[in-house]
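A.B. asks: File follows, start01.cif with mmCIF, C-alpha atoms:
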```
data_run
#
loop_
_atom_site.label_atom_id
_atom_site.label_comp_id
_atom_site.auth_asym_id
_atom_site.auth_seq_id
_atom_site.Cartn_x
_atom_site.Cartn_y
_atom_site.Cartn_z
CA MET W 234 13.78 14.30 -24.95
CA LYS W 235 10.38 15.46 -26.05
CA ASN W 236 7.65 12.88 -26.51
CA ASN W 237 4.00 12.53 -27.42
CA LEU W 238 3.35 9.63 -25.11
CA ALA W 239 0.44 11.32 -23.32
CA GLU W 240 -1.35 12.05 -26.62
CA ARG W 241 -0.84 8.52 -27.89
CA ARG W 242 -2.05 7.09 -24.61
CA ALA W 243 -5.10 9.35 -24.65
CA GLU W 244 -5.93 8.26 -28.22
CA ARG W 245 -6.22 4.71 -26.95
CA ARG W 246 -8.11 5.83 -23.85
CA TRP W 247 -5.58 4.17 -21.61
CA THR W 248 -4.94 5.41 -18.12
CA GLN W 249 -1.40 5.89 -16.92
CA ALA W 250 -1.91 2.80 -14.80
CA ASP W 251 -2.98 0.80 -17.88
CA LEU W 252 0.14 1.82 -19.78
CA ALA W 253 2.34 1.18 -16.75
CA ALA W 254 0.89 -2.31 -16.45
CA ALA W 255 1.42 -2.94 -20.17
CA LEU W 256 5.04 -1.84 -19.90
CA GLY W 257 5.70 -3.56 -16.59
CA VAL W 258 6.84 -0.36 -14.88
CA SER W 259 5.43 1.83 -12.13
CA ARG W 260 2.79 4.51 -12.79
CA GLN W 261 5.29 7.11 -11.56
CA THR W 262 7.59 6.05 -14.39
CA VAL W 263 4.87 6.73 -16.97
CA ILE W 264 4.04 10.08 -15.33
CA SER W 265 7.70 11.10 -15.34
CA ILE W 266 8.19 10.15 -18.99
CA GLU W 267 5.04 12.01 -20.06
CA ARG W 268 6.19 15.13 -18.19
CA GLU W 269 9.60 14.74 -19.83
CA LYS W 270 11.32 14.54 -16.48
CA PHE W 271 12.67 11.04 -17.10
CA ASP W 272 14.27 9.70 -20.26
CA PRO W 273 13.47 6.00 -20.54
CA SER W 274 16.23 3.49 -21.14
CA LEU W 275 16.63 2.17 -24.68
CA PRO W 276 14.93 -1.17 -23.88
CA LEU W 277 11.98 0.68 -22.35
CA ALA W 278 11.78 3.07 -25.32
CA PHE W 279 11.67 0.06 -27.66
CA LEU W 280 8.98 -1.52 -25.50
CA ILE W 281 6.92 1.68 -25.58
CA ALA W 282 7.25 1.90 -29.36
CA ARG W 283 6.27 -1.76 -29.75
CA THR W 284 3.28 -1.24 -27.45
CA PHE W 285 2.01 1.58 -29.66
CA GLY W 286 2.97 -0.20 -32.90
CA CYS W 287 5.30 2.51 -34.16
CA ALA W 288 8.96 3.47 -34.27
CA ILE W 289 10.80 5.05 -31.36
CA GLU W 290 11.30 8.29 -33.31
CA ASP W 291 7.53 8.57 -33.80
CA ILE W 292 7.19 8.99 -30.04
CA PHE W 293 10.50 10.47 -28.90
CA THR W 294 12.33 13.37 -30.49
CA ALA W 295 15.55 15.02 -29.42
CA GLU W 296 15.10 18.55 -28.11
CA MET U 199 19.88 -3.21 -8.27
CA SER U 200 16.42 -4.10 -9.43
CA LYS U 201 12.98 -4.10 -7.94
CA VAL U 202 11.34 -7.22 -6.67
CA SER U 203 7.71 -8.15 -6.32
CA PHE U 204 6.15 -10.33 -3.68
CA THR U 205 4.13 -13.34 -4.68
CA SER U 206 1.43 -15.24 -2.85
CA LYS U 207 3.63 -18.35 -2.88
CA ARG U 208 4.91 -19.85 0.32
CA ALA U 209 8.21 -21.56 0.93
CA PRO U 210 8.30 -25.18 2.15
CA ILE U 211 7.79 -25.24 5.91
CA HIS U 212 11.29 -26.55 6.65
CA HIS U 213 12.75 -23.42 4.99
CA TYR U 214 10.96 -21.25 7.58
CA VAL U 215 12.39 -23.52 10.30
CA LEU U 216 15.91 -23.16 8.82
CA ALA U 217 15.46 -19.37 8.67
CA VAL U 218 14.50 -19.25 12.36
CA ILE U 219 17.41 -21.56 13.29
CA LEU U 220 19.93 -19.40 11.38
CA GLY U 221 18.44 -16.25 12.93
CA ALA U 222 18.61 -17.77 16.41
CA ILE U 223 22.22 -18.92 15.95
CA LEU U 224 23.32 -15.49 14.77
CA THR U 225 21.38 -13.76 17.55
CA ILE U 226 22.95 -15.98 20.22
CA ALA U 227 26.41 -15.48 18.70
CA VAL U 228 26.06 -11.70 18.79
CA ALA U 229 24.62 -11.84 22.32
CA LEU U 230 27.55 -13.94 23.52
CA LEU U 231 30.06 -11.59 21.88
CA VAL U 232 28.46 -8.51 23.42
CA GLY U 233 28.14 -10.25 26.78
CA ALA U 234 31.77 -11.38 26.71
CA SER U 235 32.90 -7.82 26.03
CA ASN U 236 31.12 -6.72 29.25
CA PRO U 237 31.95 -9.44 31.76
CA GLY U 238 30.79 -7.30 34.70
CA ASP U 239 27.24 -7.22 33.37
CA PHE U 240 27.21 -10.28 31.13
CA TRP U 241 23.48 -11.02 31.06
CA LEU U 242 22.39 -7.40 30.68
CA ALA U 243 24.87 -6.82 27.84
CA ALA U 244 23.99 -10.12 26.20
CA GLY U 245 20.29 -9.27 26.42
CA ILE U 246 20.79 -5.88 24.79
CA GLY U 247 22.98 -7.48 22.13
CA ALA U 248 20.31 -10.08 21.46
CA LEU U 249 17.59 -7.42 21.19
CA CYS U 250 19.68 -5.48 18.68
CA ALA U 251 20.61 -8.57 16.65
CA VAL U 252 17.36 -10.51 16.53
CA TYR U 253 15.65 -8.48 13.79
CA PRO U 254 18.56 -8.35 11.30
CA ALA U 255 19.48 -11.97 12.06
CA MET U 256 15.95 -13.24 11.42
CA SER U 257 15.75 -11.05 8.30
CA LEU U 258 18.95 -12.63 7.03
CA GLY U 259 17.54 -16.08 7.71
CA ILE U 260 14.40 -15.24 5.76
CA LYS U 261 16.47 -13.73 2.94
CA VAL U 262 18.63 -16.85 2.67
CA PHE U 263 15.99 -19.56 3.01
CA VAL U 264 12.55 -18.07 2.27
CA SER U 265 12.80 -15.11 -0.11
CA ARG U 266 13.71 -17.09 -3.20
CA HIS U 267 10.35 -18.89 -2.88
CA THR U 268 8.21 -15.86 -2.07
CA VAL U 269 9.84 -13.01 -3.99
CA THR U 270 10.39 -12.80 -7.74
CA ARG U 271 12.69 -10.42 -9.56
CA ASP U 272 10.87 -7.72 -11.53
CA PRO U 273 12.25 -7.96 -15.09
CA HIS U 274 11.50 -4.28 -15.72
CA GLY U 275 12.67 -3.00 -12.35
CA GLU U 276 15.77 -1.41 -13.88
CA GLN U 277 13.56 0.65 -16.19
CA SER U 278 11.54 2.36 -13.47
CA VAL U 279 12.05 5.97 -12.49
CA GLU U 280 12.22 5.01 -8.81
CA LEU U 281 15.62 3.45 -9.41
CA GLN U 282 16.90 6.76 -10.78
CA TRP U 283 15.43 8.59 -7.76
CA MET U 284 17.15 6.15 -5.40
CA ARG U 285 20.48 6.57 -7.18
CA GLN U 286 20.19 10.37 -7.08
CA ALA U 287 19.23 10.31 -3.40
CA GLY U 288 22.07 7.92 -2.56
CA ALA U 289 24.66 9.97 -4.46
CA GLY U 290 23.48 13.20 -2.83
CA ALA U 291 23.48 11.65 0.62
CA PHE U 292 26.99 10.31 0.08
CA LEU U 293 28.26 13.80 -0.75
CA ASP U 294 26.43 15.27 2.25
CA VAL U 295 27.99 12.71 4.60
CA LEU U 296 31.40 13.28 3.03
CA VAL U 297 31.15 17.05 3.53
CA ALA U 298 29.80 16.64 7.09
CA THR U 299 32.65 14.26 7.92
CA ILE U 300 35.27 16.63 6.53
CA VAL U 301 33.80 19.62 8.37
CA ALA U 302 33.54 17.67 11.62
CA ALA U 303 37.13 16.43 11.26
CA LEU U 304 38.31 20.00 10.66
CA VAL U 305 36.44 21.31 13.69
CA LEU U 306 37.85 18.54 15.89
CA THR U 307 41.37 19.10 14.58
CA ILE U 308 41.35 22.88 14.87
CA GLY U 309 39.55 22.87 18.21
CA ARG U 310 41.74 20.03 19.50
CA LEU U 311 38.59 18.32 20.74
CA GLU U 312 38.36 14.67 21.67
CA ILE U 313 35.09 12.76 21.49
CA ASP U 314 34.12 9.09 21.54
CA ALA U 315 34.06 7.41 18.15
CA LEU U 316 30.89 5.39 18.73
CA PRO U 317 28.41 8.31 18.91
CA VAL U 318 30.06 9.84 15.87
CA LEU U 319 29.76 6.64 13.86
CA LEU U 320 26.15 6.16 14.94
CA GLY U 321 25.49 9.77 14.00
CA LEU U 322 26.95 9.18 10.55
CA VAL U 323 24.74 6.14 10.07
CA GLY U 324 21.69 8.14 11.13
CA LEU U 325 22.63 11.13 9.00
CA SER U 326 23.15 9.05 5.87
CA ALA U 327 19.87 7.16 6.31
CA VAL U 328 17.78 10.26 7.08
CA ASP U 329 19.52 12.29 4.36
CA ALA U 330 18.94 9.64 1.69
CA GLY U 331 15.30 9.24 2.77
CA LEU U 332 14.59 12.97 2.75
CA ARG U 333 16.34 13.41 -0.58
CA TYR U 334 14.27 10.59 -2.09
CA VAL U 335 11.03 12.16 -0.88
CA ALA U 336 12.10 15.58 -2.20
CA ILE U 337 13.16 14.23 -5.61
CA ARG U 338 9.93 12.25 -5.90
CA HIS U 339 7.82 15.26 -4.91
CA ARG U 340 9.62 17.50 -7.43
CA ALA U 341 9.19 14.96 -10.22
CA LEU U 342 5.49 14.35 -9.65
CA LYS U 343 4.22 17.82 -8.76
#
```
Render the structure in this file as structure tokens.
C.D. replies:
Amino acid sequence: MKNNLAERRAERRWTQADLAAALGVSRQTVISIEREKFDPSLPLAFLIARTFGCAIEDIFTAE
Amino acid sequence: MSKVSFTSKRAPIHHYVLAVILGAILTIAVALLVGASNPGDFWLAAGIGALCAVYPAMSLGIKVFVSRHTVTRDPHGEQSVELQWMRQAGAGAFLDVLVATIVAALVLTIGRLEIDALPVLLGLVGLSAVDAGLRYVAIRHRALK
């Protein structure tokens, strides 16, 4: 899946560690999602969308 | 499987005592078993058995009586990429060990060789642990580079 997580995080001036703490996951998880090497589970995708106040499809798109 | 996180909490003191007692009982039991299986050198065998058993036995005692007070389950542990890395490493290591076992069995069968089972089993344990560890490091490195 493609995603714009890095751009959205940068807009808020959050570090990867900040986002990881907000999501309750490791920083490596955030790095892997941003580099599109790890597809988050559905609960985590919902949590990410809720954190950024948008829908899942606003962040993640199928390749 | 999920991740856990350590807290600064401490267990009640009697739980530490129970953990040590359980660890000591298990250690003595293993030592007696090992000693009994080598009656010619009872104390030496029992000592080696005790040395081998003391760490896992004490760990089990701590797991049973102390961990629930000092370790909390991470609610998002299942979501982390590390879990996927561990699963990939474990699955890869399993296949490696399976292939190594099949190849070794073939070589022994064709070559009509006879070797002790204990070194082979210990070798398999070592191979699987080292293989899974190396695979985890490699997967992690590839994902983060």
A.B. asks: Please determine, counting only C-alpha atoms, which residue among W:Met234, W:Ala239, W:Ile266, W:Leu256 has the shortest atom-to-atom distance to Phe279 (chain W).
C.D. replies: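 Going through W:Met234, W:Ala239, W:Ile266, W:Leu256 one by one, the smallest distance to Phe279 (chain W) is for W:Leu256.
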A.B. asks: Within 9 Å of chain U, which residues belong to chain W? Use only C-alpha atoms and report them as a ChimeraX atom specification.
C.D. replies: /W:256-259,261-266,268,270-274,276-277
A.B. asks: Mind pulling up the distance from CA of Arg333 (chain U) to CA of Val318 (chain U)?
C.D. replies: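 Computed distance, CA of Val318 (chain U) to CA of Arg333 (chain U), equals 21.7 Å.
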A.B. asks: Which residues fall under the PyMOL selection byres ((chain U and resi 212-226) around 10) in this file, as an MDAnalysis selection string?
C.D. replies: chainID U and resid 208:211 227:232 244:245 247:265 267
A.B. asks: Given the file above and the PyMOL selection byres ((chain W and resi 242) around 12), which residues are selected, and can you give them as a PDB file with C-alpha atoms, in the coordinates of the input?
C.D. replies:
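New file out28.pdb:
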```pdb
ATOM      1  CA  ASN W 236       7.650  12.880 -26.510  1.00  0.00           C
ATOM      2  CA  ASN W 237       4.000  12.530 -27.420  1.00  0.00           C
ATOM      3  CA  LEU W 238       3.350   9.630 -25.110  1.00  0.00           C
ATOM      4  CA  ALA W 239       0.440  11.320 -23.320  1.00  0.00           C
ATOM      5  CA  GLU W 240      -1.350  12.050 -26.620  1.00  0.00           C
ATOM      6  CA  ARG W 241      -0.840   8.520 -27.890  1.00  0.00           C
ATOM      7  CA  ALA W 243      -5.100   9.350 -24.650  1.00  0.00           C
ATOM      8  CA  GLU W 244      -5.930   8.260 -28.220  1.00  0.00           C
ATOM      9  CA  ARG W 245      -6.220   4.710 -26.950  1.00  0.00           C
ATOM     10  CA  ARG W 246      -8.110   5.830 -23.850  1.00  0.00           C
ATOM     11  CA  TRP W 247      -5.580   4.170 -21.610  1.00  0.00           C
ATOM     12  CA  THR W 248      -4.940   5.410 -18.120  1.00  0.00           C
ATOM     13  CA  GLN W 249      -1.400   5.890 -16.920  1.00  0.00           C
ATOM     14  CA  ALA W 250      -1.910   2.800 -14.800  1.00  0.00           C
ATOM     15  CA  ASP W 251      -2.980   0.800 -17.880  1.00  0.00           C
ATOM     16  CA  LEU W 252       0.140   1.820 -19.780  1.00  0.00           C
ATOM     17  CA  ALA W 253       2.340   1.180 -16.750  1.00  0.00           C
ATOM     18  CA  ALA W 255       1.420  -2.940 -20.170  1.00  0.00           C
ATOM     19  CA  VAL W 263       4.870   6.730 -16.970  1.00  0.00           C
ATOM     20  CA  ILE W 264       4.040  10.080 -15.330  1.00  0.00           C
ATOM     21  CA  GLU W 267       5.040  12.010 -20.060  1.00  0.00           C
ATOM     22  CA  ILE W 281       6.920   1.680 -25.580  1.00  0.00           C
ATOM     23  CA  ALA W 282       7.250   1.900 -29.360  1.00  0.00           C
ATOM     24  CA  THR W 284       3.280  -1.240 -27.450  1.00  0.00           C
ATOM     25  CA  PHE W 285       2.010   1.580 -29.660  1.00  0.00           C
ATOM     26  CA  ILE W 292       7.190   8.990 -30.040  1.00  0.00           C
TER      27      ILE W 292
END
```
